[in-house]
Amino acid sequence: MKKLSYLFAFIILFSGIKVKADEGMWLPIFLERLNYVDMEKMGLQLTPDEIYSVNNGSLKDAIVGLSSDPVPQGFFCTAEIVSNEGMMFTNHHCGYNIIQKHSSVDHDYLADGFWAMNREEELPNEELTASILNYMADVTDSIFLNLSDTLKGSDRTAAIKKITSRLKENAAEDGKYNVVIKSFFSGNEYYMFVYEVFTDVRLVGAPPSSIGKFGGDTDNWMWPRHTGDFSIFRIYTAPDGSPAEYSEENIPLAPKHFLPVSLDPVKENEFAMIWGFPGGTERNLTSSGIDFKVENFYPPIIEVFGKKLEVWKQHMSNDKEVKIKYASNYAGIANAWKLFIGQNKGIKDLDVYEDKKAFENEFMLWVELDSVRNEKYGEILTIIDESNVEKAVGYSTLIYASLTGVGGTELIGYAGDFSALQSFMEKCKEEKDKKKKVKKQNQIDTEIEKLKENIDEHFKNYDMATDEDVFAAMTEMYYDNIPKEMHPDLLNNLVKKFKGNFKEIASYVYSKSNFSTKAKVMAFLVDPSLKALDKDPAFILSREFMGSLMTASSNVKRSSDELTTANRLFVEGIREMQPDKIFYPDANSTLRFSYGKVMDYYPADAIHFDYVTHLSGVIEKEDPEDDEFIVPEKLIELYETKDYGQYGQDGKMIVCFLTNNDITGGNSGSPVINGKGELTGIAFDGNWEAMSSDIAFAPNLQRTIVVDIRYVLFIIDKFAGATHLIDELTIAKTTPPTVPVAVEVEVIMN
């Protein structure tokens, strides 16, 4: 790309370019000031107060953040409340881990689906919480006005933490709310989010994976898509409506607002709004940051994840019980693996590096036009670039050490859980004082009980033969990619003993370890021996792998105070450089909305993708020999008889549709809402051609893949027979106007 002249750069920078309406994940607190006029022109019919209000129920009160933490700082998925009895819709893949935990060979809810036909059949989940935003507030001034201008680096960070702790304590109201304060625009602004967290969340329904995960890894991130990616949960509260732990006395949540469901077919170019908790974007990442990811971050992760998935797949294909046990872990790793492949490819295909570099050149031209700006911003890109170069040294080693060593297999990770026991036993052995020795023995006994309590949970989803093969693959990858001077002594000895045969090494470790089977662990904990622990090959490797990981970590250059300041100033500078541009902050797992339209797209020359897919496409993809493309007999029957009820359109059943909304991870399960505030679909994926969007938005290619709400209702009603859930919804459908015959004739004649 040719270097811009000073004159051309000046024209570009100050021409008042604004962000496209379909780009941006916006903070709802600024909806009326920044977005409402544009949204109204595009088809929004709600008032600002109907969308976001602190004092009255509004659309934001129907948006739910899902987490496994009782005091979440972020959310893995989004859900939406769709009834006045706390029923929620989200994605099937968001509920996948929960569904898997409730599944067994006798009750395989992943394969067969699950439908609670009454409230008593709804399944509780100890590790699932639902958060609803009470309000958000800009606390930037509250922090900066109490912050000394002379503070820099870690001192500044510590001072901010102290101030935010006080703000959170005041807003929490003695623990009634979970309060989160996060930085925006790289530390240039701060916002507070006050949530009510509900801990009694129950599984209500889920289609079989042949619907909810149709297309599997092959179709993941791809369009055309034919996946019924949804599951159903319900929030329960104490009888007084307050959050409460699970109890049979609890009652369904009476929400401040819930979303009505539209039965009207989506139309091309109609308004679409998405609300949720997008996890993270890096839209201000520099060219050197991109280079770091492409060269040092993506390749080792893709290689490790790919190999692990390959081994898991072999065992899951041969054993139904293993398939259930590893289903959730496999789905999570597979999604990330394909994501990183797509991001790496997208960055290269869309020339993201070159575009970022060109923008940085423009930025520096602007900086150099003014001596004051040059003093403030002149060195920041150099600092950022040098930091990325320094960080790259040894970074891939750190990833291999983490993912193939300490985190390579379940056996190694589990063996590491016995480190505290070993420490207590060593101290007890060395202690001479009898009274102190008794106390240390009590510590040992307490730790043993704790380990015993965890046995069932660990081995519930563990298969020794599978893990042993994973160990062989991961350990060989570790040996090949970690510098020799960082190799564990035991690993070197085993490689020498078995002449580099890692399958034999794995067989030896698993046969000799006390932690490879449930029976062995239970026997060990009956009479634990320090000598046996110190000789256990899995335990030794877990400690030596951890030592190598710490060495690899120390070799990687950490973010310095200088870099933190440079990043903050860079974002401050680019906002100052473009005063007429409306900026949105990077995603950081806080409540956002995006808006756009239902749209088709052209991914490449002479290729056009329609904005909807149909049930006929499911049938076309059917392959009884491929787990990813099995179609349930009941669904085939419904297709053949065209028994679509009120959910079909012109003899067809729409499955999925596209919008050009801006979303990212964490938006899974987000509601897609029309201009009247009605639910039209559930967002579940992005498209392959725009996988680099976390770093650079691609306006012509960016699409959100949505499961049509009418397909969701069709599956609930016609496929599952759970009509009672349909009855709980508020259904909205436009009644076609009555057209006089004379007008009809006139239209035909024209």
# chains A, B, ... in the order shown; residues from 1 in each chain; ligands from 1

call {"tool": "residues_around", "arguments": {"residues": "range 188-194 of chain A", "least_positions_apart": "5", "cutoff": "8 Å", "atoms": "only C-alpha atoms", "output": "list in words"}}
result
Leu133, Asn134, Tyr135, Met136, Ala137, Asp138, Val139, Thr140, Ile143, Lys168, Ala171, Ala172, Tyr177, Asn178, Val179, Val180, Ile181, Lys182, Ser183, Arg568, Val571, Glu572 and Thr590 of chain A

call {"tool": "residues_around", "arguments": {"residues": "Asn687 in chain A", "least_positions_apart": "2", "cutoff": "10 Å", "atoms": "only C-alpha atoms", "output": "number ranges by chain"}}
result
A: 220-225, 342, 603, 658, 685, 689-691, 693, 701-705

call {"tool": "write_last_selection", "arguments": {"atoms": "N, CA and C atoms", "output": "JSON list (two decimals), in the first residue's frame"}}
result
[["chain", "number", "residue", "atom", "x", "y", "z"],
["A", 220, "ASN", "N", -19.71, -25.59, 11.83],
["A", 220, "ASN", "CA", -19.42, -24.54, 12.80],
["A", 220, "ASN", "C", -18.78, -23.33, 12.11],
["A", 221, "TRP", "N", -19.32, -22.13, 12.38],
["A", 221, "TRP", "CA", -18.87, -20.86, 11.80],
["A", 221, "TRP", "C", -19.19, -20.75, 10.30],
["A", 222, "MET", "N", -20.02, -21.66, 9.79],
["A", 222, "MET", "CA", -20.28, -21.68, 8.35],
["A", 222, "MET", "C", -21.72, -21.28, 8.02],
["A", 223, "TRP", "N", -21.90, -20.73, 6.85],
["A", 223, "TRP", "CA", -23.21, -20.49, 6.26],
["A", 223, "TRP", "C", -23.20, -21.09, 4.87],
["A", 224, "PRO", "N", -24.26, -21.76, 4.44],
["A", 224, "PRO", "CA", -25.58, -21.91, 5.05],
["A", 224, "PRO", "C", -25.57, -22.81, 6.29],
["A", 225, "ARG", "N", -26.39, -22.49, 7.25],
["A", 225, "ARG", "CA", -26.46, -23.22, 8.52],
["A", 225, "ARG", "C", -27.88, -23.72, 8.76],
["A", 342, "GLY", "N", -9.86, -19.84, 11.91],
["A", 342, "GLY", "CA", -10.57, -18.83, 11.12],
["A", 342, "GLY", "C", -10.01, -17.43, 11.32],
["A", 603, "PRO", "N", -19.92, -13.65, -0.35],
["A", 603, "PRO", "CA", -18.63, -13.97, 0.27],
["A", 603, "PRO", "C", -17.45, -13.92, -0.70],
["A", 658, "LEU", "N", -29.81, -14.56, 8.67],
["A", 658, "LEU", "CA", -28.60, -13.75, 8.83],
["A", 658, "LEU", "C", -28.95, -12.30, 9.14],
["A", 685, "ASP", "N", -23.86, -17.72, 16.18],
["A", 685, "ASP", "CA", -22.57, -17.89, 15.51],
["A", 685, "ASP", "C", -22.26, -16.69, 14.63],
["A", 689, "GLU", "N", -16.15, -16.08, 6.80],
["A", 689, "GLU", "CA", -15.44, -15.08, 6.01],
["A", 689, "GLU", "C", -15.05, -13.85, 6.82],
["A", 690, "ALA", "N", -15.64, -13.67, 8.00],
["A", 690, "ALA", "CA", -15.35, -12.48, 8.82],
["A", 690, "ALA", "C", -14.81, -12.87, 10.19],
["A", 691, "MET", "N", -14.04, -13.94, 10.24],
["A", 691, "MET", "CA", -13.55, -14.45, 11.52],
["A", 691, "MET", "C", -12.54, -13.51, 12.19],
["A", 693, "SER", "N", -13.04, -10.52, 12.80],
["A", 693, "SER", "CA", -13.80, -9.35, 13.24],
["A", 693, "SER", "C", -13.51, -8.92, 14.67],
["A", 701, "LEU", "N", -18.77, -8.21, 4.91],
["A", 701, "LEU", "CA", -18.79, -9.66, 5.11],
["A", 701, "LEU", "C", -19.40, -10.08, 6.44],
["A", 702, "GLN", "N", -19.35, -9.19, 7.43],
["A", 702, "GLN", "CA", -19.75, -9.55, 8.79],
["A", 702, "GLN", "C", -21.22, -9.95, 8.85],
["A", 703, "ARG", "N", -21.49, -11.16, 9.32],
["A", 703, "ARG", "CA", -22.85, -11.61, 9.50],
["A", 703, "ARG", "C", -22.99, -12.39, 10.82],
["A", 704, "THR", "N", -24.15, -12.24, 11.42],
["A", 704, "THR", "CA", -24.53, -13.02, 12.60],
["A", 704, "THR", "C", -25.49, -14.11, 12.16],
["A", 705, "ILE", "N", -25.21, -15.35, 12.57],
["A", 705, "ILE", "CA", -26.07, -16.48, 12.23],
["A", 705, "ILE", "C", -27.07, -16.70, 13.37]]

call {"tool": "select_by_dssp", "arguments": {"residues": "range 232-477 of chain A", "states": "alpha helix (DSSP H)", "output": "ChimeraX atom specification"}}
result
/A:287-292,298-318,320-349,352-368,371-377,380-392,395-400,410-416,419-430,434-460,464-477

call {"tool": "residues_around", "arguments": {"residues": "Ile482 in chain A", "least_positions_apart": "3", "cutoff": "10 Å", "atoms": "only C-alpha atoms", "output": "number ranges by chain"}}
result
A: 394, 396-401, 404-405, 477-479, 485-487, 548, 552

call {"tool": "closest_residue", "arguments": {"among": "A:Leu635, A:Ile99, A:Ala244, A:Leu729", "to": "Ile709 in chain A", "atoms": "only C-alpha atoms"}}
result
A:Leu729

call {"tool": "atom_distance", "arguments": {"atom1": "CA of Asn492 in chain A", "atom2": "CA of Ser542 in chain A"}}
result
14.3 Å

call {"tool": "closest_residue", "arguments": {"among": "A:Pro124, A:Gly332, A:Pro265, A:Gly617", "to": "Tyr246 in chain A", "atoms": "only C-alpha atoms"}}
result
A:Pro124

call {"tool": "residues_around", "arguments": {"residues": "Phe471 in chain A", "least_positions_apart": "2", "cutoff": "10 Å", "atoms": "only C-alpha atoms", "output": "JSON list (two decimals) with N, CA and C atoms, in the first residue's frame"}}
result
[["chain", "number", "residue", "atom", "x", "y", "z"],
["A", 308, "LYS", "N", -5.38, -33.02, 20.20],
["A", 308, "LYS", "CA", -6.21, -33.51, 21.30],
["A", 308, "LYS", "C", -7.60, -33.92, 20.79],
["A", 311, "VAL", "N", -7.52, -37.34, 19.01],
["A", 311, "VAL", "CA", -7.48, -38.50, 19.90],
["A", 311, "VAL", "C", -8.83, -38.70, 20.58],
["A", 404, "THR", "N", 0.34, -28.75, 26.75],
["A", 404, "THR", "CA", 0.72, -30.16, 26.59],
["A", 404, "THR", "C", 1.34, -30.75, 27.85],
["A", 405, "GLY", "N", 1.79, -29.88, 28.76],
["A", 405, "GLY", "CA", 2.40, -30.35, 30.00],
["A", 405, "GLY", "C", 1.40, -30.36, 31.13],
["A", 408, "GLY", "N", -2.05, -30.82, 29.83],
["A", 408, "GLY", "CA", -2.15, -31.76, 28.72],
["A", 408, "GLY", "C", -3.16, -32.87, 28.92],
["A", 409, "THR", "N", -3.20, -33.44, 30.11],
["A", 409, "THR", "CA", -4.08, -34.58, 30.37],
["A", 409, "THR", "C", -4.73, -34.46, 31.74],
["A", 410, "GLU", "N", -5.80, -35.19, 31.91],
["A", 410, "GLU", "CA", -6.50, -35.18, 33.19],
["A", 410, "GLU", "C", -5.66, -35.81, 34.30],
["A", 411, "LEU", "N", -4.90, -36.84, 33.96],
["A", 411, "LEU", "CA", -4.08, -37.51, 34.98],
["A", 411, "LEU", "C", -3.07, -36.55, 35.59],
["A", 412, "ILE", "N", -2.37, -35.81, 34.75],
["A", 412, "ILE", "CA", -1.34, -34.90, 35.26],
["A", 412, "ILE", "C", -1.97, -33.80, 36.10],
["A", 465, "ALA", "N", -8.41, -45.09, 29.23],
["A", 465, "ALA", "CA", -7.84, -45.42, 27.92],
["A", 465, "ALA", "C", -7.74, -44.18, 27.04],
["A", 466, "THR", "N", -8.76, -43.34, 27.11],
["A", 466, "THR", "CA", -8.75, -42.10, 26.33],
["A", 466, "THR", "C", -7.66, -41.17, 26.81],
["A", 467, "ASP", "N", -7.60, -40.98, 28.12],
["A", 467, "ASP", "CA", -6.61, -40.06, 28.68],
["A", 467, "ASP", "C", -5.19, -40.56, 28.45],
["A", 468, "GLU", "N", -5.02, -41.86, 28.45],
["A", 468, "GLU", "CA", -3.68, -42.43, 28.22],
["A", 468, "GLU", "C", -3.19, -42.12, 26.81],
["A", 469, "ASP", "N", -4.09, -42.23, 25.84],
["A", 469, "ASP", "CA", -3.70, -41.91, 24.46],
["A", 469, "ASP", "C", -3.46, -40.41, 24.29],
["A", 473, "ALA", "N", 0.13, -38.49, 23.05],
["A", 473, "ALA", "CA", 0.19, -37.46, 22.01],
["A", 473, "ALA", "C", 0.71, -36.14, 22.55],
["A", 474, "MET", "N", 0.20, -35.73, 23.71],
["A", 474, "MET", "CA", 0.60, -34.44, 24.29],
["A", 474, "MET", "C", 2.05, -34.46, 24.75],
["A", 475, "THR", "N", 2.48, -35.55, 25.35],
["A", 475, "THR", "CA", 3.85, -35.62, 25.86],
["A", 475, "THR", "C", 4.87, -35.65, 24.73],
["A", 476, "GLU", "N", 4.52, -36.30, 23.64],
["A", 476, "GLU", "CA", 5.42, -36.28, 22.48],
["A", 476, "GLU", "C", 5.52, -34.87, 21.90],
["A", 477, "MET", "N", 4.40, -34.18, 21.84],
["A", 477, "MET", "CA", 4.40, -32.81, 21.35],
["A", 477, "MET", "C", 5.21, -31.91, 22.29],
["A", 502, "PHE", "N", 6.25, -43.16, 22.76],
["A", 502, "PHE", "CA", 5.43, -42.45, 23.75],
["A", 502, "PHE", "C", 4.18, -43.22, 24.15],
["A", 503, "LYS", "N", 3.73, -44.15, 23.33],
["A", 503, "LYS", "CA", 2.61, -44.99, 23.75],
["A", 503, "LYS", "C", 3.06, -45.91, 24.90],
["A", 505, "ILE", "N", 5.51, -45.20, 26.95],
["A", 505, "ILE", "CA", 5.72, -44.32, 28.10],
["A", 505, "ILE", "C", 4.39, -44.08, 28.81],
["A", 506, "ALA", "N", 3.37, -43.82, 28.03],
["A", 506, "ALA", "CA", 2.04, -43.57, 28.60],
["A", 506, "ALA", "C", 1.53, -44.80, 29.34],
["A", 507, "SER", "N", 1.71, -45.97, 28.75],
["A", 507, "SER", "CA", 1.27, -47.22, 29.38],
["A", 507, "SER", "C", 1.97, -47.42, 30.73],
["A", 509, "VAL", "N", 3.33, -45.02, 32.72],
["A", 509, "VAL", "CA", 2.90, -44.00, 33.69],
["A", 509, "VAL", "C", 1.52, -44.34, 34.25],
["A", 510, "TYR", "N", 0.59, -44.73, 33.41],
["A", 510, "TYR", "CA", -0.78, -45.00, 33.86],
["A", 510, "TYR", "C", -0.87, -46.30, 34.66]]

call {"tool": "residues_around", "arguments": {"residues": "Glu282 in chain A", "least_positions_apart": "4", "cutoff": "12 Å", "atoms": "only C-alpha atoms", "output": "list of chain:residue names"}}
result
A:Phe184, A:Phe185, A:Ser186, A:Thr286, A:Ser287, A:Gly289, A:Ile290, A:Lys293, A:Asn567, A:Val571, A:Tyr584, A:Pro585, A:Asp586, A:Ala587, A:Asn588, A:Thr664, A:Ser692, A:Ser693, A:Asp694, A:Ile695, A:Ala696, A:Phe697

call {"tool": "select_by_dssp", "arguments": {"residues": "range 52-247 of chain A", "states": "strand (DSSP E)", "output": "ChimeraX atom specification"}}
result
/A:63-67,77-81,87-90,114-115,123-124,129-138,178-184,189-198,200-206,231-237

call {"tool": "write_last_selection", "arguments": {"atoms": "C-alpha atoms", "output": "PDB file, in the first residue's frame"}}
result
ATOM      1  CA  ILE A  63     -31.368  -9.851  29.140  1.00  0.00           C
ATOM      2  CA  VAL A  64     -29.479 -12.372  31.276  1.00  0.00           C
ATOM      3  CA  GLY A  65     -25.784 -13.128  31.696  1.00  0.00           C
ATOM      4  CA  LEU A  66     -24.969 -16.808  32.300  1.00  0.00           C
ATOM      5  CA  SER A  67     -22.048 -17.816  34.490  1.00  0.00           C
ATOM      6  CA  CYS A  77     -23.215 -16.780  27.305  1.00  0.00           C
ATOM      7  CA  THR A  78     -26.354 -14.679  27.121  1.00  0.00           C
ATOM      8  CA  ALA A  79     -29.988 -15.687  27.667  1.00  0.00           C
ATOM      9  CA  GLU A  80     -33.315 -13.869  27.411  1.00  0.00           C
ATOM     10  CA  ILE A  81     -36.430 -14.068  29.565  1.00  0.00           C
ATOM     11  CA  MET A  87     -38.461 -18.966  31.414  1.00  0.00           C
ATOM     12  CA  MET A  88     -35.303 -18.254  29.393  1.00  0.00           C
ATOM     13  CA  PHE A  89     -34.063 -19.144  25.934  1.00  0.00           C
ATOM     14  CA  THR A  90     -30.364 -19.486  25.153  1.00  0.00           C
ATOM     15  CA  PHE A 114     -34.767 -33.360  27.408  1.00  0.00           C
ATOM     16  CA  TRP A 115     -38.198 -31.874  28.017  1.00  0.00           C
ATOM     17  CA  LEU A 123     -33.498 -30.051  36.695  1.00  0.00           C
ATOM     18  CA  PRO A 124     -31.494 -27.867  39.143  1.00  0.00           C
ATOM     19  CA  THR A 129     -26.076 -18.493  37.759  1.00  0.00           C
ATOM     20  CA  ALA A 130     -28.162 -15.885  35.968  1.00  0.00           C
ATOM     21  CA  SER A 131     -27.376 -12.172  36.310  1.00  0.00           C
ATOM     22  CA  ILE A 132     -29.686  -9.315  35.389  1.00  0.00           C
ATOM     23  CA  LEU A 133     -28.396  -5.752  35.210  1.00  0.00           C
ATOM     24  CA  ASN A 134     -30.082  -3.400  37.659  1.00  0.00           C
ATOM     25  CA  TYR A 135     -28.270  -0.335  36.370  1.00  0.00           C
ATOM     26  CA  MET A 136     -24.957   0.899  35.008  1.00  0.00           C
ATOM     27  CA  ALA A 137     -23.148   4.176  35.643  1.00  0.00           C
ATOM     28  CA  ASP A 138     -20.218   6.178  34.326  1.00  0.00           C
ATOM     29  CA  ASN A 178     -22.956  -7.961  42.605  1.00  0.00           C
ATOM     30  CA  VAL A 179     -21.061  -4.843  41.528  1.00  0.00           C
ATOM     31  CA  VAL A 180     -18.499  -4.888  38.726  1.00  0.00           C
ATOM     32  CA  ILE A 181     -16.374  -1.931  37.605  1.00  0.00           C
ATOM     33  CA  LYS A 182     -14.406  -2.251  34.387  1.00  0.00           C
ATOM     34  CA  SER A 183     -12.141  -0.007  32.367  1.00  0.00           C
ATOM     35  CA  PHE A 184     -13.035   1.034  28.824  1.00  0.00           C
ATOM     36  CA  GLU A 189     -13.018   5.558  31.026  1.00  0.00           C
ATOM     37  CA  TYR A 190     -14.602   3.443  33.780  1.00  0.00           C
ATOM     38  CA  TYR A 191     -18.151   2.118  34.179  1.00  0.00           C
ATOM     39  CA  MET A 192     -19.949   0.393  37.028  1.00  0.00           C
ATOM     40  CA  PHE A 193     -22.460  -2.445  36.505  1.00  0.00           C
ATOM     41  CA  VAL A 194     -24.806  -3.440  39.305  1.00  0.00           C
ATOM     42  CA  TYR A 195     -26.320  -6.925  38.913  1.00  0.00           C
ATOM     43  CA  GLU A 196     -28.838  -9.060  40.712  1.00  0.00           C
ATOM     44  CA  VAL A 197     -27.547 -12.651  40.639  1.00  0.00           C
ATOM     45  CA  PHE A 198     -29.910 -15.631  40.726  1.00  0.00           C
ATOM     46  CA  ASP A 200     -31.427 -21.304  41.300  1.00  0.00           C
ATOM     47  CA  VAL A 201     -31.506 -21.878  37.535  1.00  0.00           C
ATOM     48  CA  ARG A 202     -33.146 -25.073  36.240  1.00  0.00           C
ATOM     49  CA  LEU A 203     -33.006 -26.904  32.925  1.00  0.00           C
ATOM     50  CA  VAL A 204     -36.414 -26.943  31.240  1.00  0.00           C
ATOM     51  CA  GLY A 205     -35.783 -28.289  27.770  1.00  0.00           C
ATOM     52  CA  ALA A 206     -33.248 -29.066  25.058  1.00  0.00           C
ATOM     53  CA  SER A 231     -32.055 -24.716  25.047  1.00  0.00           C
ATOM     54  CA  ILE A 232     -34.494 -23.605  27.738  1.00  0.00           C
ATOM     55  CA  PHE A 233     -33.959 -22.720  31.398  1.00  0.00           C
ATOM     56  CA  ARG A 234     -35.969 -21.124  34.188  1.00  0.00           C
ATOM     57  CA  ILE A 235     -34.935 -18.774  36.997  1.00  0.00           C
ATOM     58  CA  TYR A 236     -36.333 -19.450  40.461  1.00  0.00           C
ATOM     59  CA  THR A 237     -36.393 -17.139  43.480  1.00  0.00           C
TER      60      THR A 237
END

call {"tool": "closest_residue", "arguments": {"among": "A:Leu59, A:Asn442, A:Val393, A:Pro260", "to": "Ala732 in chain A", "atoms": "only C-alpha atoms"}}
result
A:Pro260

call {"tool": "atom_distance", "arguments": {"atom1": "CA of Leu591 in chain A", "atom2": "CA of Ile333 in chain A"}}
result
25.5 Å

call {"tool": "closest_residue", "arguments": {"among": "A:Pro699, A:Gly669, A:Gly573, A:Pro208", "to": "Cys94 in chain A", "atoms": "only C-alpha atoms"}}
result
A:Gly669

call {"tool": "residues_around", "arguments": {"residues": "Val406 in chain A", "least_positions_apart": "5", "cutoff": "9 Å", "atoms": "only C-alpha atoms", "output": "list in words"}}
result
Ala401, Ile412, Gly413, Gly416, Leu541, Ser542, Arg543, Glu544, Phe545, Met546 and Leu549 of chain A

call {"tool": "closest_residue", "arguments": {"among": "A:Glu268, A:Glu576, A:Glu640, A:Glu562", "to": "Glu386 in chain A", "atoms": "only C-alpha atoms"}}
result
A:Glu562

call {"tool": "residues_around", "arguments": {"residues": "Met599 in chain A", "least_positions_apart": "3", "cutoff": "9 Å", "atoms": "only C-alpha atoms", "output": "PDB file with C-alpha atoms, in the first residue's frame"}}
result
ATOM      1  CA  LYS A 267     -37.828  -9.990   5.892  1.00  0.00           C
ATOM      2  CA  GLU A 268     -34.708  -8.832   4.136  1.00  0.00           C
ATOM      3  CA  ASN A 269     -33.493  -5.428   5.389  1.00  0.00           C
ATOM      4  CA  GLU A 270     -35.794  -5.403   8.402  1.00  0.00           C
ATOM      5  CA  GLY A 596     -28.354  -3.719  11.944  1.00  0.00           C
ATOM      6  CA  ASP A 610     -29.441 -15.953   0.764  1.00  0.00           C
ATOM      7  CA  TYR A 611     -30.416 -14.600   4.185  1.00  0.00           C
ATOM      8  CA  VAL A 612     -32.494 -17.655   5.211  1.00  0.00           C
ATOM      9  CA  PHE A 657     -31.365 -16.351   9.102  1.00  0.00           C
ATOM     10  CA  LEU A 658     -28.597 -13.754   8.834  1.00  0.00           C
ATOM     11  CA  THR A 659     -28.154 -10.211  10.128  1.00  0.00           C
ATOM     12  CA  ASN A 660     -25.228  -7.819   9.812  1.00  0.00           C
ATOM     13  CA  ARG A 703     -22.855 -11.615   9.501  1.00  0.00           C
TER      14      ARG A 703
END

call {"tool": "closest_residue", "arguments": {"among": "A:Ser560, A:Thr281, A:Lys313, A:Ser142", "to": "Gly24 in chain A", "atoms": "only C-alpha atoms"}}
result
A:Thr281
